[in-house]
2 protein chains.
Amino acid sequence: MSANSRLTIAVHALTWIGLYQRRGHEVATSEQIATSVNTNPVVIRRLLGELRNAGLAASRRGAGAGWTLSRDLASITLLDVYDAVEPGLIFGLHPSVPDPECVVGHGIGPVMAAVYNGIDIAVREELAGTTLEDVLRDILKAA
Amino acid sequence: MSANSRLTIAVHALTWIGLYQRRGHEVATSEQIATSVNTNPVVIRRLLGELRNAGLAASRRGAGAGWTLSRDLASITLLDVYDAVEPGLIFGLHPSVPDPECVVGHGIGPVMAAVYNGIDIAVREELAGTTLEDVLRDILKAA
DNA sequence: CTAGTTGTAACAGTTAATGTTACTTCATGG
DNA sequence: CCATGAAGTAACATTAACTGTTACAACTAG
């Protein structure tokens, strides 16, 4: 069950809010979003909290409370969402420091770090090429 | 502790075997490799077992047993290693099927799958551009 | 036959994602 | 002023994966 669906859920939630607002509603509740995502409202509130920290969403409390977008769908890329909800790198180096007496153990760290840096750049470029507006357009096109 | 270091360890092990053979030894033991990686020999045997299934390494049993490369370092790319030891995709879709009555819930799956497919291609291209020979050369260059 | 190494099962510890319950905090509308 | 509804958040259970470890069976060169 534990594949990494945080990016998927975050994109889903933001896109849902964007469409809901575009249809004339002011705020979306975590309950409504959770119904569409098919999960628990607390899961949505936690994720949207991270997106709010990143400046992508905003929340109002009290009666008539809920969530809004802080930016237009067209100005939010998947890279923005990725940075907001995915903390670490994709690949990790050694759990324990390898043997520094060994040539390979001594030198492999920086070499692999350079490779992983290149991968990170490639992934980020790929994510930066799609906005939430693109996502919503493709969703509506398929409907 | 649980970042994904399987690719790092696998590359380390194969490169170590390659250098060891290049220095005139026939076989490398999981004990020796584990010392360089700074982990338990069973961890190495498990990973090398997957690499053997992928046709990258071979093992001999009995006395004087150990591991050898099935292919030259220059013919093994990081993508070959990645395919051998990393089963799934980087990002996952929804844990539970989203609401099919909702436009977003109904249409977001294929859209995100297309995005993730593009990322997978980019990562694979990046990994395919480096061979274990490149890795060993960079390690020796830095020494 | 012995010794050394692989092959593998079994288990513990750690981390992370996900889901759930329960409660507090807050602001709006009556 | 108060009742209501929703966010904020703590706490916990479950599941899964990675890593590490012990133990032992299987195997083969000498």
# chains A, B, ... in the order shown; residues from 1 in each chain; ligands from 1
call {"tool": "residues_around", "arguments": {"residues": "Gly66 in chain A", "least_positions_apart": "3", "cutoff": "12 Å", "atoms": "only C-alpha atoms (C1' of nucleotides)", "output": "PyMOL selection string"}}
result
(chain A and resi 17+20-21+25-33+41+44-45+48-49+57-63+69) or (chain C and resi 27) or (chain D and resi 5-7)
call {"tool": "select_by_dssp", "arguments": {"residues": "chain B", "states": "strand (DSSP E)", "output": "list of chain:residue names"}}
result
B:Ala57, B:Ala58, B:Ser59, B:Arg60, B:Gly66, B:Trp67, B:Thr68, B:Leu69
call {"tool": "residues_around", "arguments": {"residues": "range 73-81 of chain B", "least_positions_apart": "4", "cutoff": "12 Å", "atoms": "only C-alpha atoms (C1' of nucleotides)", "output": "ChimeraX atom specification"}}
result
/A:112,115-116,119 /B:6-22,47-48,50-57,68-69,85-87,120-137
call {"tool": "select_by_dssp", "arguments": {"residues": "range 18-135 of chain A", "states": "alpha helix (DSSP H)", "output": "ChimeraX atom specification"}}
result
/A:18-22,30-37,41-53,78-85,103-128,132-135
call {"tool": "residues_around", "arguments": {"residues": "DA9 in chain C", "least_positions_apart": "6", "cutoff": "12 Å", "atoms": "only C-alpha atoms (C1' of nucleotides)", "output": "ChimeraX atom specification"}}
result
/B:42 /D:22-25
call {"tool": "interface_residues", "arguments": {"of": "chain A", "to": "chain B", "cutoff": "6 Å", "atoms": "only C-alpha atoms", "output": "list of chain:residue names"}}
result
A:Ala3, A:Asn4, A:Ser5, A:Thr8, A:Ser36, A:Val37, A:Asn38, A:Phe91, A:Gly92, A:Leu93, A:His94, A:Pro98, A:Asp99, A:Gly105, A:Gly107, A:Ile108, A:Ile119, A:Val123, A:Ile139
call {"tool": "write_last_selection", "arguments": {"atoms": "C-alpha atoms", "output": "PDB file, in the first residue's frame"}}
result
ATOM      1  CA  ALA A   3       3.984   3.533  -2.693  1.00  0.00           C
ATOM      2  CA  ASN A   4       4.631   7.217  -2.831  1.00  0.00           C
ATOM      3  CA  SER A   5       1.344   8.811  -3.831  1.00  0.00           C
ATOM      4  CA  THR A   8      -0.508  12.440  -6.988  1.00  0.00           C
ATOM      5  CA  SER A  36     -12.998  12.849  -4.659  1.00  0.00           C
ATOM      6  CA  VAL A  37      -9.610  11.425  -3.686  1.00  0.00           C
ATOM      7  CA  ASN A  38     -11.270   8.605  -1.753  1.00  0.00           C
ATOM      8  CA  PHE A  91      18.203   7.588  -4.502  1.00  0.00           C
ATOM      9  CA  GLY A  92      20.328   7.438  -1.373  1.00  0.00           C
ATOM     10  CA  LEU A  93      24.006   6.837  -0.804  1.00  0.00           C
ATOM     11  CA  HIS A  94      25.402   4.236   1.608  1.00  0.00           C
ATOM     12  CA  PRO A  98      32.018   2.638   3.238  1.00  0.00           C
ATOM     13  CA  ASP A  99      35.582   1.533   3.986  1.00  0.00           C
ATOM     14  CA  GLY A 105      34.828   2.619  -0.850  1.00  0.00           C
ATOM     15  CA  GLY A 107      35.849   7.252  -4.055  1.00  0.00           C
ATOM     16  CA  ILE A 108      32.379   6.025  -4.930  1.00  0.00           C
ATOM     17  CA  ILE A 119      18.892  12.538 -12.294  1.00  0.00           C
ATOM     18  CA  VAL A 123      13.258  14.919 -13.041  1.00  0.00           C
ATOM     19  CA  ILE A 139      -8.640  15.855 -17.563  1.00  0.00           C
TER      20      ILE A 139
END
call {"tool": "interface_residues", "arguments": {"of": "chain D", "to": "chain B", "cutoff": "7 Å", "atoms": "only C-alpha atoms (C1' of nucleotides)", "output": "list in words"}}
result
DC18, DG20, DC27, DT28 and DA29 of chain D
call {"tool": "interface_residues", "arguments": {"of": "chain C", "to": "chain A", "cutoff": "6 Å", "atoms": "only C-alpha atoms (C1' of nucleotides)", "output": "number ranges by chain"}}
result
C: 17, 26-28
